[in-house]
Amino acid sequence: MLARRAASEGPRWTRAVRAPSIPSPWVGRQGSQMLKEKYQEEIDEIISRYPVKRSALIPLLYLAQRDEGFISEAAMKEIAGLLRLTPPQVYETATFYTMLNLKRVGKFHLQVCKSLMCALAGSDTVIGWVKTKLGIGPGETTSDGLFSLSAVECLAACGTAPMMQVNEDYYERLTEERFDRILADLKRDGTCSLKTGPFMWPEPVAVKGET
Amino acid sequence: MPKHELILLKNMMQLGYTGSLQDYERAGGYQALRKVVGKVPPADVTAMVMKSGLRGRGGAGFPTGVKWGFLPKGYQGPRYLCCNADESEPGTFKDRQLIERDPHQILEGIVLACYAIGAETAYIYIRGEFVLGARILEQAIAEARTAGYIGTNILGAGITANVWVHRGAGAYICGEETALLESLEGKRGLPRVKPPFPATHGLYNKPTVVNNIETLANLPHIVGRGPEWFASIGSPPKSTGTRVFCVSGHVNEPGNYEVPMGITFRELIYEHAGGMRSDKPLKAFIPGGASAPFLTANHLDVKLDFESVAAAGSMLGSGGVTVMEEGTDMVWAALRLMEFFYHESCGKCSPCREGSSWLVQTMRRIVAKRGRMEDLETLVDLCKNIEGRTVCAFGDASVAPIMSTLKHWRAEYVTLIQEAEAANLIKLEPAGRH
Ligand SMILES: Cc1cc2nc3c(=O)[nH]c(=O)nc-3n(C[C@H](O)[C@H](O)[C@H](O)COP(=O)(O)O)c2cc1C
Ligand code: SF4
Ligand code: FES
């Protein structure tokens, strides 16, 4: 199961109670020093951007997620200590945002947009491909831990639908052929050249310069 | 195809334009900044923006110069500029292109705005999914800092403007300006009750301006070429300039098209976006992102400016135009959008939190052919109890798809329900139940 749940599993405001565990405010308040030991410089730089420390919370949660692949309870406690917050303050923020994973997800997190504009272009079919090719539905992870699927809301690629985001990269104008290649490339190389670069659509073409 | 001048997309339309500082400067970039910093008083820059008639491109269409004018005069202490790059309104994908293809155009706009409003710090709140966009912006900021366009003592004029990228983490509501501020403060993205407005009590309770990325991208052009030039484009006096419209759905060539405001939807859809993708005619379109009420084929000659779209019963909103062909199930379409709003409601106020859940349940029932005629009354009743009764404009937006499809395509709802009722009779009769 995923912390970043499928959109259909319930509204955002119920995420706090659906999250895997609630850090106790009293036990191990200082938590570990893991992040601090590893990323002291980066942490200081992030905090220095803001006049109020708490603003560094989401950036530090991202840092923890980058480190471990998800945000652990220990990390939340350590971040609380770094920013002079209580663990519940960290927790209440962490549970609001869908991109912050409080549980492990697969190595490749397929996030297929299911909002209307993508649905008009066949996003339900894409979710069907995942089901038949990988055997997982929204909110599930393959048993080898490689792929997770989430059905997410609009990712600002509606003109190049259907689309999905895999970890940090966008893949747009999906067809079954392109989809198969993406899966194969990811499995083999960990990346795929079909990912979108700096976005522009329609692309500039010489004759179209003056539309 | 009608010829008109591109403003915001001009640079990136050049083949080989990379968006680097070098490319941007070669295309005349940062000249507007050089023209004013330390030479023209900040108040005059605000006056220029006011005169240009520029209105916000984020959704509400509020006049930008007027918004800046709300900052308290003579306030001693920090002020902030927050640049809204959250772009989560379904149907909208223009900010992403402006950021990734021409980041310096935005940065120049940001520094100009900082100069005009006296802010020494600007945060670009970019939606978390735009990992590439955030990276491109950070790199551009570093370039601009080295060149002396950003930082302390800009262009040697003793002006400070620091710009930071702050990534969101997946929450539509953080595009709402006060939720954005909360999120930037490290909290849950719950909108604030207004008043007080951000102009007086914004980020860290300090005077703050929140502007959309496209709004800011217009500033170098307004300052560089003069407000009169800008005010002559589009459909003056109320809707000046161009807009980047994002066309999606059942058209041949979906994508971003920059056009002067005031052309018709027909022109945008058929001449720019290549017309319908099949021989099925257009049935419906959404003129301004998921929050804007649906319009019908009868509205194709409505002009793309703030007033005309409002008069037609919808809004220009974020500029996301979604086209649906004949045969699209409108009840299904409304449900899809309702599911979006249901998932994204922040839960702060009851009408929106509870109402969106009821609306989704009722809509799902109708689509699954288990609806009853009373459900139509329930839908309207729920919508009326959400509209105008919520902390933020999300509530009003969330009822738009259902209210507008009920208005234009009520027959489709009725058909679904009648089918449900007929099926029920067949099911019930043989079993002999009453
Ligand atoms: C629910 C909701 C979502 C919004 N999302 C965005 C958004 O993603 N991007 C944006 O620029 N403005 C968004 N807005 C509008 C902002 O609140 C605000 O009006 C805008 O950023 C102001 O900038 P402007 O005056 O330059 O348009 C949203 C508003 C609401 C009510
Ligand atoms: S209207 Fe909805 S999104 Fe806005 S504050 Fe209320 S619950 Fe939150
Ligand atoms: S609806 Fe899928 S990216 Fe916008």
# chains A, B, ... in the order shown; residues from 1 in each chain; ligands from 1

$ residues_around --residues "Ser398 of chain B" --least-positions-apart "4" --cutoff "9 Å" --atoms "only C-alpha atoms" --output "PyMOL selection string"
chain B and resi 290-291+337-338+340-342+345+352+356+383+386-387+393-394+402

$ write_last_selection --atoms "N, CA, C and O atoms" --output "PDB file, in the first residue's frame"
ATOM      1  N   ALA B 290     -11.024  24.253 -15.014  1.00  0.00           N
ATOM      2  CA  ALA B 290     -12.074  23.439 -14.408  1.00  0.00           C
ATOM      3  C   ALA B 290     -13.069  24.247 -13.571  1.00  0.00           C
ATOM      4  O   ALA B 290     -14.203  23.825 -13.375  1.00  0.00           O
ATOM      5  N   SER B 291     -12.652  25.408 -13.104  1.00  0.00           N
ATOM      6  CA  SER B 291     -13.534  26.209 -12.245  1.00  0.00           C
ATOM      7  C   SER B 291     -14.553  27.014 -13.038  1.00  0.00           C
ATOM      8  O   SER B 291     -15.434  27.644 -12.446  1.00  0.00           O
ATOM      9  N   LEU B 337     -14.897  16.162 -13.026  1.00  0.00           N
ATOM     10  CA  LEU B 337     -14.418  17.388 -12.406  1.00  0.00           C
ATOM     11  C   LEU B 337     -14.816  17.439 -10.934  1.00  0.00           C
ATOM     12  O   LEU B 337     -14.064  17.903 -10.081  1.00  0.00           O
ATOM     13  N   MET B 338     -16.025  16.935 -10.654  1.00  0.00           N
ATOM     14  CA  MET B 338     -16.476  16.933  -9.255  1.00  0.00           C
ATOM     15  C   MET B 338     -15.572  16.056  -8.404  1.00  0.00           C
ATOM     16  O   MET B 338     -15.272  16.383  -7.256  1.00  0.00           O
ATOM     17  N   PHE B 340     -12.468  15.639  -8.869  1.00  0.00           N
ATOM     18  CA  PHE B 340     -11.274  16.459  -8.623  1.00  0.00           C
ATOM     19  C   PHE B 340     -11.506  17.382  -7.423  1.00  0.00           C
ATOM     20  O   PHE B 340     -10.697  17.433  -6.492  1.00  0.00           O
ATOM     21  N   PHE B 341     -12.622  18.096  -7.444  1.00  0.00           N
ATOM     22  CA  PHE B 341     -12.879  19.041  -6.349  1.00  0.00           C
ATOM     23  C   PHE B 341     -13.063  18.317  -5.011  1.00  0.00           C
ATOM     24  O   PHE B 341     -12.638  18.798  -3.964  1.00  0.00           O
ATOM     25  N   TYR B 342     -13.687  17.163  -5.075  1.00  0.00           N
ATOM     26  CA  TYR B 342     -13.881  16.361  -3.863  1.00  0.00           C
ATOM     27  C   TYR B 342     -12.528  15.985  -3.273  1.00  0.00           C
ATOM     28  O   TYR B 342     -12.287  16.105  -2.068  1.00  0.00           O
ATOM     29  N   SER B 345     -10.623  19.448  -1.941  1.00  0.00           N
ATOM     30  CA  SER B 345     -11.168  20.303  -0.888  1.00  0.00           C
ATOM     31  C   SER B 345     -10.259  20.223   0.330  1.00  0.00           C
ATOM     32  O   SER B 345      -9.874  19.137   0.764  1.00  0.00           O
ATOM     33  N   CYS B 352     -18.140  23.263   1.820  1.00  0.00           N
ATOM     34  CA  CYS B 352     -17.304  22.694   0.762  1.00  0.00           C
ATOM     35  C   CYS B 352     -16.904  21.267   1.111  1.00  0.00           C
ATOM     36  O   CYS B 352     -17.002  20.363   0.283  1.00  0.00           O
ATOM     37  N   SER B 356     -19.020  18.698  -1.069  1.00  0.00           N
ATOM     38  CA  SER B 356     -18.361  18.054  -2.203  1.00  0.00           C
ATOM     39  C   SER B 356     -18.507  16.541  -2.095  1.00  0.00           C
ATOM     40  O   SER B 356     -18.648  15.845  -3.094  1.00  0.00           O
ATOM     41  N   CYS B 383     -25.568  22.510  -4.263  1.00  0.00           N
ATOM     42  CA  CYS B 383     -24.766  23.554  -4.911  1.00  0.00           C
ATOM     43  C   CYS B 383     -25.094  24.923  -4.338  1.00  0.00           C
ATOM     44  O   CYS B 383     -24.203  25.723  -4.051  1.00  0.00           O
ATOM     45  N   ILE B 386     -23.477  25.605  -1.138  1.00  0.00           N
ATOM     46  CA  ILE B 386     -22.013  25.756  -1.134  1.00  0.00           C
ATOM     47  C   ILE B 386     -21.653  27.150  -1.671  1.00  0.00           C
ATOM     48  O   ILE B 386     -20.890  27.893  -1.064  1.00  0.00           O
ATOM     49  N   GLU B 387     -22.271  27.480  -2.808  1.00  0.00           N
ATOM     50  CA  GLU B 387     -21.962  28.731  -3.503  1.00  0.00           C
ATOM     51  C   GLU B 387     -22.085  29.939  -2.565  1.00  0.00           C
ATOM     52  O   GLU B 387     -23.103  30.137  -1.924  1.00  0.00           O
ATOM     53  N   ALA B 393     -12.708  30.853  -2.776  1.00  0.00           N
ATOM     54  CA  ALA B 393     -13.456  30.750  -4.030  1.00  0.00           C
ATOM     55  C   ALA B 393     -13.530  29.321  -4.568  1.00  0.00           C
ATOM     56  O   ALA B 393     -14.225  29.055  -5.543  1.00  0.00           O
ATOM     57  N   PHE B 394     -12.829  28.409  -3.943  1.00  0.00           N
ATOM     58  CA  PHE B 394     -12.885  27.003  -4.344  1.00  0.00           C
ATOM     59  C   PHE B 394     -14.319  26.488  -4.311  1.00  0.00           C
ATOM     60  O   PHE B 394     -14.747  25.737  -5.183  1.00  0.00           O
ATOM     61  N   ILE B 402     -21.286  21.033 -12.270  1.00  0.00           N
ATOM     62  CA  ILE B 402     -22.617  20.442 -12.124  1.00  0.00           C
ATOM     63  C   ILE B 402     -23.706  21.447 -12.480  1.00  0.00           C
ATOM     64  O   ILE B 402     -24.620  21.152 -13.253  1.00  0.00           O
TER      65      ILE B 402
END

$ interface_residues --of "chain A" --to "chain B" --cutoff "7 Å" --atoms "only C-alpha atoms" --output "CSV table (one decimal) with C-alpha atoms, in the first residue's frame"
chain,number,residue,atom,x,y,z
A,7,ALA,CA,-7.2,10.1,-5.7
A,10,GLY,CA,-10.8,9.8,-0.2
A,11,PRO,CA,-10.4,13.6,0.0
A,12,ARG,CA,-7.2,15.3,1.0
A,13,TRP,CA,-8.4,16.4,4.4
A,54,ARG,CA,9.1,26.9,9.7
A,55,SER,CA,9.1,27.8,6.1
A,56,ALA,CA,11.9,25.3,5.6
A,57,LEU,CA,9.6,22.5,6.6
A,58,ILE,CA,8.5,21.3,3.2
A,92,GLU,CA,0.1,17.9,10.3
A,93,THR,CA,2.0,19.5,7.4
A,96,PHE,CA,-1.6,17.4,3.8
A,97,TYR,CA,0.6,17.1,0.7
A,98,THR,CA,0.2,14.2,-1.7
A,99,MET,CA,3.8,14.2,-2.9
A,100,LEU,CA,5.1,13.5,0.5
A,115,SER,CA,-8.6,14.4,-14.5
A,116,LEU,CA,-11.1,15.3,-17.2
A,117,MET,CA,-8.9,16.7,-19.9
A,120,LEU,CA,-11.1,12.9,-22.8
A,121,ALA,CA,-7.9,11.6,-24.4
A,153,GLU,CA,-5.2,14.8,-10.6
A,154,CYS,CA,-4.2,17.2,-13.3
A,155,LEU,CA,-0.4,17.6,-13.7
A,156,ALA,CA,-0.5,20.6,-16.2
A,157,ALA,CA,0.0,18.5,-19.3
A,158,CYS,CA,-3.6,18.5,-20.6
A,159,GLY,CA,-2.6,19.5,-24.2
A,168,GLU,CA,10.6,13.3,-11.4
A,198,PRO,CA,11.7,21.8,-21.4
A,199,PHE,CA,8.1,21.9,-22.3
A,200,MET,CA,6.6,23.6,-25.3
A,201,TRP,CA,3.6,22.5,-27.2
A,202,PRO,CA,3.0,22.9,-30.1
A,204,PRO,CA,8.2,25.6,-32.7
A,205,VAL,CA,8.7,24.9,-36.3
A,206,ALA,CA,10.3,27.2,-38.9
A,209,GLY,CA,7.2,31.2,-36.3
A,210,GLU,CA,4.5,33.8,-37.0
A,211,THR,CA,1.2,32.2,-36.0

$ closest_residue --among "A:Arg18, A:Arg49, A:His109, A:Lys133" --to "Glu176 of chain A" --atoms "only C-alpha atoms"
A:Lys133

$ atom_distance --atom1 "atom CA of Pro63 of chain B" --atom2 "atom CA of Met261 of chain B"
15.0 Å

$ closest_atom_pairs --of "chain B" --to "ligand 1" --cutoff "8 Å" --atoms "only C-alpha atoms and all ligand atoms" --output "JSON lines"
{"residue": "B:Arg55", "atom": "CA", "partner": "ligand 1", "partner_atom_place_in_ligand_line": "25 (O)", "distance": 6.6}
{"residue": "B:Gly56", "atom": "CA", "partner": "ligand 1", "partner_atom_place_in_ligand_line": "27 (O)", "distance": 3.2}
{"residue": "B:Arg57", "atom": "CA", "partner": "ligand 1", "partner_atom_place_in_ligand_line": "27 (O)", "distance": 4.2}
{"residue": "B:Gly58", "atom": "CA", "partner": "ligand 1", "partner_atom_place_in_ligand_line": "27 (O)", "distance": 3.3}
{"residue": "B:Gly59", "atom": "CA", "partner": "ligand 1", "partner_atom_place_in_ligand_line": "15 (C)", "distance": 4.9}
{"residue": "B:Ala60", "atom": "CA", "partner": "ligand 1", "partner_atom_place_in_ligand_line": "19 (O)", "distance": 5.2}
{"residue": "B:Gly61", "atom": "CA", "partner": "ligand 1", "partner_atom_place_in_ligand_line": "27 (O)", "distance": 5.6}
{"residue": "B:Phe62", "atom": "CA", "partner": "ligand 1", "partner_atom_place_in_ligand_line": "25 (O)", "distance": 5.2}
{"residue": "B:Pro63", "atom": "CA", "partner": "ligand 1", "partner_atom_place_in_ligand_line": "25 (O)", "distance": 6.9}
{"residue": "B:Thr64", "atom": "CA", "partner": "ligand 1", "partner_atom_place_in_ligand_line": "25 (O)", "distance": 5.8}
{"residue": "B:Lys67", "atom": "CA", "partner": "ligand 1", "partner_atom_place_in_ligand_line": "25 (O)", "distance": 7.5}
{"residue": "B:Cys83", "atom": "CA", "partner": "ligand 1", "partner_atom_place_in_ligand_line": "21 (O)", "distance": 7.4}
{"residue": "B:Asn84", "atom": "CA", "partner": "ligand 1", "partner_atom_place_in_ligand_line": "11 (O)", "distance": 4.6}
{"residue": "B:Ala85", "atom": "CA", "partner": "ligand 1", "partner_atom_place_in_ligand_line": "9 (N)", "distance": 5.8}
{"residue": "B:Asp86", "atom": "CA", "partner": "ligand 1", "partner_atom_place_in_ligand_line": "8 (O)", "distance": 4.3}
{"residue": "B:Glu87", "atom": "CA", "partner": "ligand 1", "partner_atom_place_in_ligand_line": "8 (O)", "distance": 3.5}
{"residue": "B:Ser88", "atom": "CA", "partner": "ligand 1", "partner_atom_place_in_ligand_line": "8 (O)", "distance": 4.5}
{"residue": "B:Glu89", "atom": "CA", "partner": "ligand 1", "partner_atom_place_in_ligand_line": "8 (O)", "distance": 5.5}
{"residue": "B:Tyr172", "atom": "CA", "partner": "ligand 1", "partner_atom_place_in_ligand_line": "3 (C)", "distance": 6.4}
{"residue": "B:Ile173", "atom": "CA", "partner": "ligand 1", "partner_atom_place_in_ligand_line": "1 (C)", "distance": 5.0}
{"residue": "B:Cys174", "atom": "CA", "partner": "ligand 1", "partner_atom_place_in_ligand_line": "3 (C)", "distance": 6.8}
{"residue": "B:Gly175", "atom": "CA", "partner": "ligand 1", "partner_atom_place_in_ligand_line": "5 (N)", "distance": 3.4}
{"residue": "B:Glu176", "atom": "CA", "partner": "ligand 1", "partner_atom_place_in_ligand_line": "17 (O)", "distance": 3.6}
{"residue": "B:Glu177", "atom": "CA", "partner": "ligand 1", "partner_atom_place_in_ligand_line": "17 (O)", "distance": 3.9}
{"residue": "B:Thr178", "atom": "CA", "partner": "ligand 1", "partner_atom_place_in_ligand_line": "17 (O)", "distance": 7.1}
{"residue": "B:Val210", "atom": "CA", "partner": "ligand 1", "partner_atom_place_in_ligand_line": "22 (C)", "distance": 5.3}
{"residue": "B:Asn211", "atom": "CA", "partner": "ligand 1", "partner_atom_place_in_ligand_line": "26 (O)", "distance": 3.5}
{"residue": "B:Asn212", "atom": "CA", "partner": "ligand 1", "partner_atom_place_in_ligand_line": "26 (O)", "distance": 3.8}
{"residue": "B:Ile213", "atom": "CA", "partner": "ligand 1", "partner_atom_place_in_ligand_line": "11 (O)", "distance": 6.5}
{"residue": "B:Glu214", "atom": "CA", "partner": "ligand 1", "partner_atom_place_in_ligand_line": "26 (O)", "distance": 7.2}
{"residue": "B:Thr215", "atom": "CA", "partner": "ligand 1", "partner_atom_place_in_ligand_line": "26 (O)", "distance": 4.8}
{"residue": "B:Leu216", "atom": "CA", "partner": "ligand 1", "partner_atom_place_in_ligand_line": "26 (O)", "distance": 7.0}
{"residue": "B:Ser318", "atom": "CA", "partner": "ligand 1", "partner_atom_place_in_ligand_line": "10 (C)", "distance": 7.4}
{"residue": "B:Cys392", "atom": "CA", "partner": "ligand 1", "partner_atom_place_in_ligand_line": "31 (C)", "distance": 5.9}
{"residue": "B:Ala393", "atom": "CA", "partner": "ligand 1", "partner_atom_place_in_ligand_line": "31 (C)", "distance": 4.2}
{"residue": "B:Phe394", "atom": "CA", "partner": "ligand 1", "partner_atom_place_in_ligand_line": "1 (C)", "distance": 4.1}
{"residue": "B:Gly395", "atom": "CA", "partner": "ligand 1", "partner_atom_place_in_ligand_line": "1 (C)", "distance": 7.9}
{"residue": "B:Ala397", "atom": "CA", "partner": "ligand 1", "partner_atom_place_in_ligand_line": "1 (C)", "distance": 7.3}

$ select_by_dssp --residues "segment 226-427 of chain B" --states "strand (DSSP E)" --output "VMD selection string"
chain B and resid 234 to 235 239 to 240 242 to 249 255 to 260 282 to 286 295 to 296 320 to 325

$ atom_distance --atom1 "atom CA of Ala122 of chain B" --atom2 "atom CA of Tyr80 of chain B"
5.8 Å

$ atom_distance --atom1 "atom CA of Gly29 of chain B" --atom2 "atom CA of Gln105 of chain B"
7.2 Å

$ residues_around --residues "Leu300 of chain B" --least-positions-apart "5" --cutoff "12 Å" --atoms "only C-alpha atoms" --output "JSON, numbers by chain"
{"B": [263, 264, 265, 266, 267, 268, 269, 270, 281, 282, 283, 284, 285, 286, 287, 294, 295, 308, 309, 312, 321, 323]}

$ residues_around --residues "Leu359 of chain B" --least-positions-apart "4" --cutoff "8 Å" --atoms "only C-alpha atoms" --output "number ranges by chain"
B: 338, 355, 363, 379, 382

$ residues_around --residues "Val66 of chain B" --least-positions-apart "3" --cutoff "9 Å" --atoms "only C-alpha atoms" --output "ChimeraX atom specification"
/B:46,49-50,62-63,69-70

$ residues_around --residues "segment 142-155 of chain B" --least-positions-apart "6" --cutoff "8 Å" --atoms "only C-alpha atoms" --output "short mmCIF file (atom, residue, chain, number, x, y, z; two decimals) with N, CA, C and O atoms, in the first residue's frame"
data_model
loop_
_atom_site.label_atom_id
_atom_site.label_comp_id
_atom_site.auth_asym_id
_atom_site.auth_seq_id
_atom_site.Cartn_x
_atom_site.Cartn_y
_atom_site.Cartn_z
N LEU B 21 20.56 32.84 -20.29
CA LEU B 21 20.70 34.28 -20.11
C LEU B 21 21.21 34.93 -21.39
O LEU B 21 20.72 35.98 -21.82
N TYR B 30 16.27 41.99 -20.33
CA TYR B 30 16.77 42.81 -19.21
C TYR B 30 16.98 44.27 -19.59
O TYR B 30 17.53 45.04 -18.82
N ARG B 34 17.05 47.56 -16.98
CA ARG B 34 18.09 48.59 -17.07
C ARG B 34 17.47 49.98 -17.22
O ARG B 34 18.00 50.97 -16.74
N VAL B 37 15.60 50.64 -13.27
CA VAL B 37 16.20 50.51 -11.94
C VAL B 37 17.13 51.68 -11.64
O VAL B 37 18.07 51.97 -12.38
N HIS B 104 14.08 33.59 -17.89
CA HIS B 104 14.55 34.95 -17.59
C HIS B 104 13.48 36.00 -17.82
O HIS B 104 13.48 37.04 -17.19
N GLU B 108 12.90 38.65 -14.98
CA GLU B 108 12.94 40.11 -15.18
C GLU B 108 11.64 40.74 -14.67
O GLU B 108 11.66 41.78 -14.01
N VAL B 111 11.78 40.86 -10.83
CA VAL B 111 12.62 41.93 -10.28
C VAL B 111 11.96 43.29 -10.51
O VAL B 111 11.99 44.16 -9.63
N ALA B 161 17.00 42.64 -4.48
CA ALA B 161 15.87 41.73 -4.75
C ALA B 161 16.41 40.32 -4.81
O ALA B 161 17.16 39.96 -5.72
N ASN B 162 16.10 39.54 -3.80
CA ASN B 162 16.50 38.14 -3.78
C ASN B 162 15.32 37.28 -4.20
O ASN B 162 14.19 37.54 -3.78
N VAL B 163 15.60 36.29 -5.02
CA VAL B 163 14.52 35.44 -5.52
C VAL B 163 14.82 33.99 -5.14
O VAL B 163 15.92 33.50 -5.37
#

$ closest_residue --among "A:Ser193, A:Gln111, A:Thr132, A:Gln40" --to "ligand 3" --atoms "only C-alpha atoms and all ligand atoms"
A:Gln111
